[in-house]
Amino acid sequence: MRRLLPLVFALSLGGPAAAQPAVELATGEWPPYVSQSLPQDGVFSQIVRQAFQRAGYSVHFTYQSWPQAEAAAKAGRAAAAFPYRPTPEREQDFDFSAPLMRSTSYLFYHKPHMPHPPPQFKSLDELRGYRVAVQLGYWYIPLFQQHKLNTLLTSDEVNALRQLQLGRLDLAPMTLERGFFLIHSALPGHEKEFGYIPTPLDKETPLGLMFSRGYPQVARIREDFARALESMEKDGTLKAIYQRNFPEVTPPR
């Protein structure tokens with residue numbers, strides 16, 4: 001009987017909790033959506049981490065270039081890379097989650113230099129009289145060329161905002177979330193000086209996880225993640241995370 005007591009006592013306390021299986025994920029720097037410099041790695045990472053936690057997994061993020069992140073998922077070294085938009089080319093090699101967010105681009109302006117900004121427009125042809133910032137490699141350059149807009153090259157989006165502030169440019173395209181984030185981080189105290197034309201430049205772009213087809217047990221991981229993400233949408237968690245990170249952007253996406 002004495003020999004049994006230690007075993008009974010140990011069972012009554014319970015054994016060590018089973019560790020959550022770990023999932024490798026690949027990502028890159030794209031603030032405010034995901035960044036090592038942001039609290040909890042940004043809004044996307046917060047959603048991803050919480051969804052996997054609900055599904056019973058822990059996660060490990062590896063930051064790398066976007067081509068490297070895609071290659072890691074394709075080779076099965078990562079269960080998924082994020083955030084990515086589905087394209088016909090990518091869908092040949094990957095499976096995509098439901099969107100965690102939907103992103104849309106707008107034209108920002110500086111209120112002191114443009115007290116009467118352009119109203120909502122039906123065609124970009126209406127903006128030919130304005131100086132519009134562009135950066136090399138961005139999706140909107142062919143669109144602006146098609147409508148013969150007066151574009152000026154800037155080194156990056158922060159520089160574009162500074163040029164608006166100096167009155168050297170009139171409009172600068174960027175997503176609402178990124179525009180507000182950059183204004184707040186690069187031009188603190190000047191947030192109220194900027195506005196945006198409420199006509200979207202593009203359709204809402206779904207952004208989600210791009211799942212590997214070669215990672216161990218990936219089908220089950222993907223299904224578990226999908227169920228957890230759906231529950232977060234139903235109980236309002238997704239909306240709450242978005243609003244906490246982007247209080248200036250309404251309505252929430």
# chains A, B, ... in the order shown; residues from 1 in each chain; ligands from 1

$ select_by_dssp --residues "segment 16-105 of chain A" --states "alpha helix (DSSP H)" --output "count of residues only"
22

$ select_by_dssp --residues "segment 24-201 of chain A" --states "strand (DSSP E)" --output "ChimeraX atom specification"
/A:24-27,58-63,80-84,95-96,101-103,105-110,131-134,150-153,172-175,194-197

$ write_last_selection --atoms "C-alpha atoms" --output "compact mmCIF listing (two decimals), in the first residue's frame"
# COMPACT_ATOMS: atom_id res chain seq x y z
CA GLU A 24 6.43 27.14 -38.60
CA LEU A 25 5.26 30.26 -40.46
CA ALA A 26 7.15 32.52 -42.86
CA THR A 27 6.58 36.26 -43.12
CA SER A 58 1.86 27.30 -30.98
CA VAL A 59 3.53 29.24 -33.78
CA HIS A 60 7.06 30.29 -34.69
CA PHE A 61 7.53 33.21 -37.12
CA THR A 62 10.55 33.39 -39.40
CA TYR A 63 11.14 36.84 -40.93
CA ALA A 80 2.29 28.83 -44.57
CA ALA A 81 3.53 32.27 -45.53
CA PHE A 82 1.56 35.43 -44.77
CA PRO A 83 0.07 37.84 -45.62
CA TYR A 84 -0.49 37.04 -49.28
CA ASP A 95 -3.93 26.66 -50.77
CA PHE A 96 -5.23 29.91 -49.30
CA MET A 101 -8.28 41.27 -43.76
CA ARG A 102 -9.25 43.05 -46.96
CA SER A 103 -7.05 45.90 -48.08
CA SER A 105 -5.87 51.72 -51.74
CA TYR A 106 -6.95 55.38 -51.71
CA LEU A 107 -5.44 58.74 -52.64
CA PHE A 108 -4.17 60.79 -49.69
CA TYR A 109 -3.77 64.59 -49.73
CA HIS A 110 -2.54 67.37 -47.43
CA ARG A 131 0.48 65.72 -59.34
CA VAL A 132 0.37 62.11 -58.16
CA ALA A 133 3.15 60.28 -56.29
CA VAL A 134 4.26 56.83 -57.46
CA ASN A 150 0.76 63.47 -64.06
CA THR A 151 2.91 61.16 -61.93
CA LEU A 152 6.11 61.96 -60.04
CA LEU A 153 8.45 59.28 -58.73
CA ALA A 172 -0.34 59.87 -52.91
CA PRO A 173 -1.81 56.35 -53.22
CA MET A 174 -1.63 53.85 -50.38
CA THR A 175 -3.86 51.59 -48.31
CA PHE A 194 -4.05 64.62 -43.96
CA GLY A 195 -7.16 63.27 -45.60
CA TYR A 196 -8.05 60.90 -48.42
CA ILE A 197 -10.50 60.85 -51.32

$ closest_residue --among "A:Glu204, A:Glu233, A:Glu29, A:Asp170" --to "Arg128 of chain A" --atoms "only C-alpha atoms"
A:Asp170

$ residues_around --residues "segment 42-46 of chain A" --least-positions-apart "6" --cutoff "9 Å" --atoms "only C-alpha atoms" --output "list in words"
Trp30, Pro31, Pro32, Tyr33, Val34, Ser35, Gln36, Phe61, Phe82, Pro83, Leu100, Met101, Gly208, Ile241, Tyr242, Arg244, Asn245 and Phe246 of chain A

$ atom_distance --atom1 "atom CA of Asp235 of chain A" --atom2 "atom CA of Ala51 of chain A"
12.4 Å

$ closest_residue --among "A:Gln165, A:Gln50, A:Ser37, A:Ser212" --to "Leu229 of chain A" --atoms "only C-alpha atoms"
A:Gln50

$ closest_residue --among "A:Leu124, A:Ala160, A:Ala71, A:Leu238" --to "Phe211 of chain A" --atoms "only C-alpha atoms"
A:Ala71

$ atom_distance --atom1 "atom CA of Ile183 of chain A" --atom2 "atom CA of Met114 of chain A"
16.8 Å

$ atom_distance --atom1 "atom CA of Gly236 of chain A" --atom2 "atom CA of Pro99 of chain A"
15.0 Å

$ decode --residues "segment 17-113 of chain A" --atoms "C-alpha atoms" --output "mmCIF file, in the first residue's frame"
data_model
loop_
_atom_site.group_PDB
_atom_site.id
_atom_site.type_symbol
_atom_site.label_atom_id
_atom_site.label_comp_id
_atom_site.auth_asym_id
_atom_site.auth_seq_id
_atom_site.Cartn_x
_atom_site.Cartn_y
_atom_site.Cartn_z
ATOM 1 C CA ALA A 17 0.357 19.333 -19.665
ATOM 2 C CA ALA A 18 0.767 18.168 -23.232
ATOM 3 C CA ALA A 19 2.762 20.687 -25.243
ATOM 4 C CA GLN A 20 0.965 22.353 -28.133
ATOM 5 C CA PRO A 21 2.330 21.232 -31.505
ATOM 6 C CA ALA A 22 4.422 23.991 -33.054
ATOM 7 C CA VAL A 23 3.761 25.383 -36.530
ATOM 8 C CA GLU A 24 6.427 27.135 -38.601
ATOM 9 C CA LEU A 25 5.263 30.257 -40.455
ATOM 10 C CA ALA A 26 7.151 32.525 -42.860
ATOM 11 C CA THR A 27 6.576 36.260 -43.115
ATOM 12 C CA GLY A 28 8.321 39.576 -43.801
ATOM 13 C CA GLU A 29 8.380 43.247 -42.897
ATOM 14 C CA TRP A 30 5.226 45.097 -43.971
ATOM 15 C CA PRO A 31 4.147 47.488 -41.223
ATOM 16 C CA PRO A 32 1.536 48.002 -39.929
ATOM 17 C CA TYR A 33 0.322 44.583 -41.010
ATOM 18 C CA VAL A 34 3.333 42.607 -39.825
ATOM 19 C CA SER A 35 6.680 43.726 -38.401
ATOM 20 C CA GLN A 36 9.157 42.687 -35.750
ATOM 21 C CA SER A 37 9.232 46.303 -34.548
ATOM 22 C CA LEU A 38 5.512 46.431 -33.695
ATOM 23 C CA PRO A 39 3.727 45.237 -30.546
ATOM 24 C CA GLN A 40 2.853 41.561 -30.982
ATOM 25 C CA ASP A 41 4.374 41.752 -34.489
ATOM 26 C CA GLY A 42 1.470 43.721 -35.982
ATOM 27 C CA VAL A 43 -2.204 43.135 -36.621
ATOM 28 C CA PHE A 44 -1.825 40.146 -38.955
ATOM 29 C CA SER A 45 0.447 38.348 -36.547
ATOM 30 C CA GLN A 46 -1.991 38.960 -33.699
ATOM 31 C CA ILE A 47 -4.806 37.363 -35.686
ATOM 32 C CA VAL A 48 -2.647 34.445 -36.843
ATOM 33 C CA ARG A 49 -1.246 33.735 -33.396
ATOM 34 C CA GLN A 50 -4.655 33.836 -31.703
ATOM 35 C CA ALA A 51 -6.310 31.654 -34.345
ATOM 36 C CA PHE A 52 -3.621 28.987 -34.064
ATOM 37 C CA GLN A 53 -3.802 29.157 -30.275
ATOM 38 C CA ARG A 54 -7.548 28.512 -30.463
ATOM 39 C CA ALA A 55 -6.851 25.607 -32.774
ATOM 40 C CA GLY A 56 -4.399 24.112 -30.257
ATOM 41 C CA TYR A 57 -1.070 25.083 -31.833
ATOM 42 C CA SER A 58 1.860 27.297 -30.981
ATOM 43 C CA VAL A 59 3.531 29.243 -33.784
ATOM 44 C CA HIS A 60 7.055 30.289 -34.693
ATOM 45 C CA PHE A 61 7.526 33.206 -37.118
ATOM 46 C CA THR A 62 10.555 33.392 -39.399
ATOM 47 C CA TYR A 63 11.136 36.836 -40.927
ATOM 48 C CA GLN A 64 12.703 36.888 -44.372
ATOM 49 C CA SER A 65 12.293 38.467 -47.782
ATOM 50 C CA TRP A 66 8.955 37.869 -49.500
ATOM 51 C CA PRO A 67 10.458 35.640 -52.221
ATOM 52 C CA GLN A 68 12.189 33.605 -49.483
ATOM 53 C CA ALA A 69 8.944 33.309 -47.502
ATOM 54 C CA GLU A 70 7.124 32.018 -50.549
ATOM 55 C CA ALA A 71 9.949 29.573 -51.296
ATOM 56 C CA ALA A 72 9.898 28.276 -47.698
ATOM 57 C CA ALA A 73 6.190 27.493 -47.944
ATOM 58 C CA LYS A 74 6.547 25.921 -51.377
ATOM 59 C CA ALA A 75 9.388 23.679 -50.161
ATOM 60 C CA GLY A 76 7.464 22.607 -47.055
ATOM 61 C CA ARG A 77 9.843 24.290 -44.614
ATOM 62 C CA ALA A 78 6.926 26.455 -43.414
ATOM 63 C CA ALA A 79 3.287 25.490 -43.054
ATOM 64 C CA ALA A 80 2.290 28.834 -44.566
ATOM 65 C CA ALA A 81 3.532 32.271 -45.532
ATOM 66 C CA PHE A 82 1.556 35.425 -44.774
ATOM 67 C CA PRO A 83 0.069 37.837 -45.619
ATOM 68 C CA TYR A 84 -0.490 37.043 -49.280
ATOM 69 C CA ARG A 85 -3.216 37.698 -51.812
ATOM 70 C CA PRO A 86 -4.425 34.757 -53.903
ATOM 71 C CA THR A 87 -3.561 34.905 -57.595
ATOM 72 C CA PRO A 88 -4.089 32.304 -60.331
ATOM 73 C CA GLU A 89 -0.336 31.701 -60.418
ATOM 74 C CA ARG A 90 -0.037 31.155 -56.666
ATOM 75 C CA GLU A 91 -3.122 28.958 -56.510
ATOM 76 C CA GLN A 92 -1.321 26.426 -58.712
ATOM 77 C CA ASP A 93 1.117 25.722 -55.869
ATOM 78 C CA PHE A 94 -0.634 26.794 -52.650
ATOM 79 C CA ASP A 95 -3.927 26.656 -50.771
ATOM 80 C CA PHE A 96 -5.230 29.911 -49.300
ATOM 81 C CA SER A 97 -7.047 30.560 -46.052
ATOM 82 C CA ALA A 98 -10.125 32.706 -45.833
ATOM 83 C CA PRO A 99 -9.166 36.414 -45.753
ATOM 84 C CA LEU A 100 -7.902 37.723 -42.430
ATOM 85 C CA MET A 101 -8.281 41.266 -43.758
ATOM 86 C CA ARG A 102 -9.254 43.048 -46.956
ATOM 87 C CA SER A 103 -7.049 45.897 -48.081
ATOM 88 C CA THR A 104 -7.938 48.800 -50.421
ATOM 89 C CA SER A 105 -5.867 51.719 -51.743
ATOM 90 C CA TYR A 106 -6.947 55.383 -51.706
ATOM 91 C CA LEU A 107 -5.439 58.744 -52.642
ATOM 92 C CA PHE A 108 -4.168 60.788 -49.686
ATOM 93 C CA TYR A 109 -3.772 64.590 -49.729
ATOM 94 C CA HIS A 110 -2.539 67.372 -47.428
ATOM 95 C CA LYS A 111 -5.420 69.571 -46.230
ATOM 96 C CA PRO A 112 -3.497 72.875 -45.790
ATOM 97 C CA HIS A 113 -2.293 72.680 -49.399
#
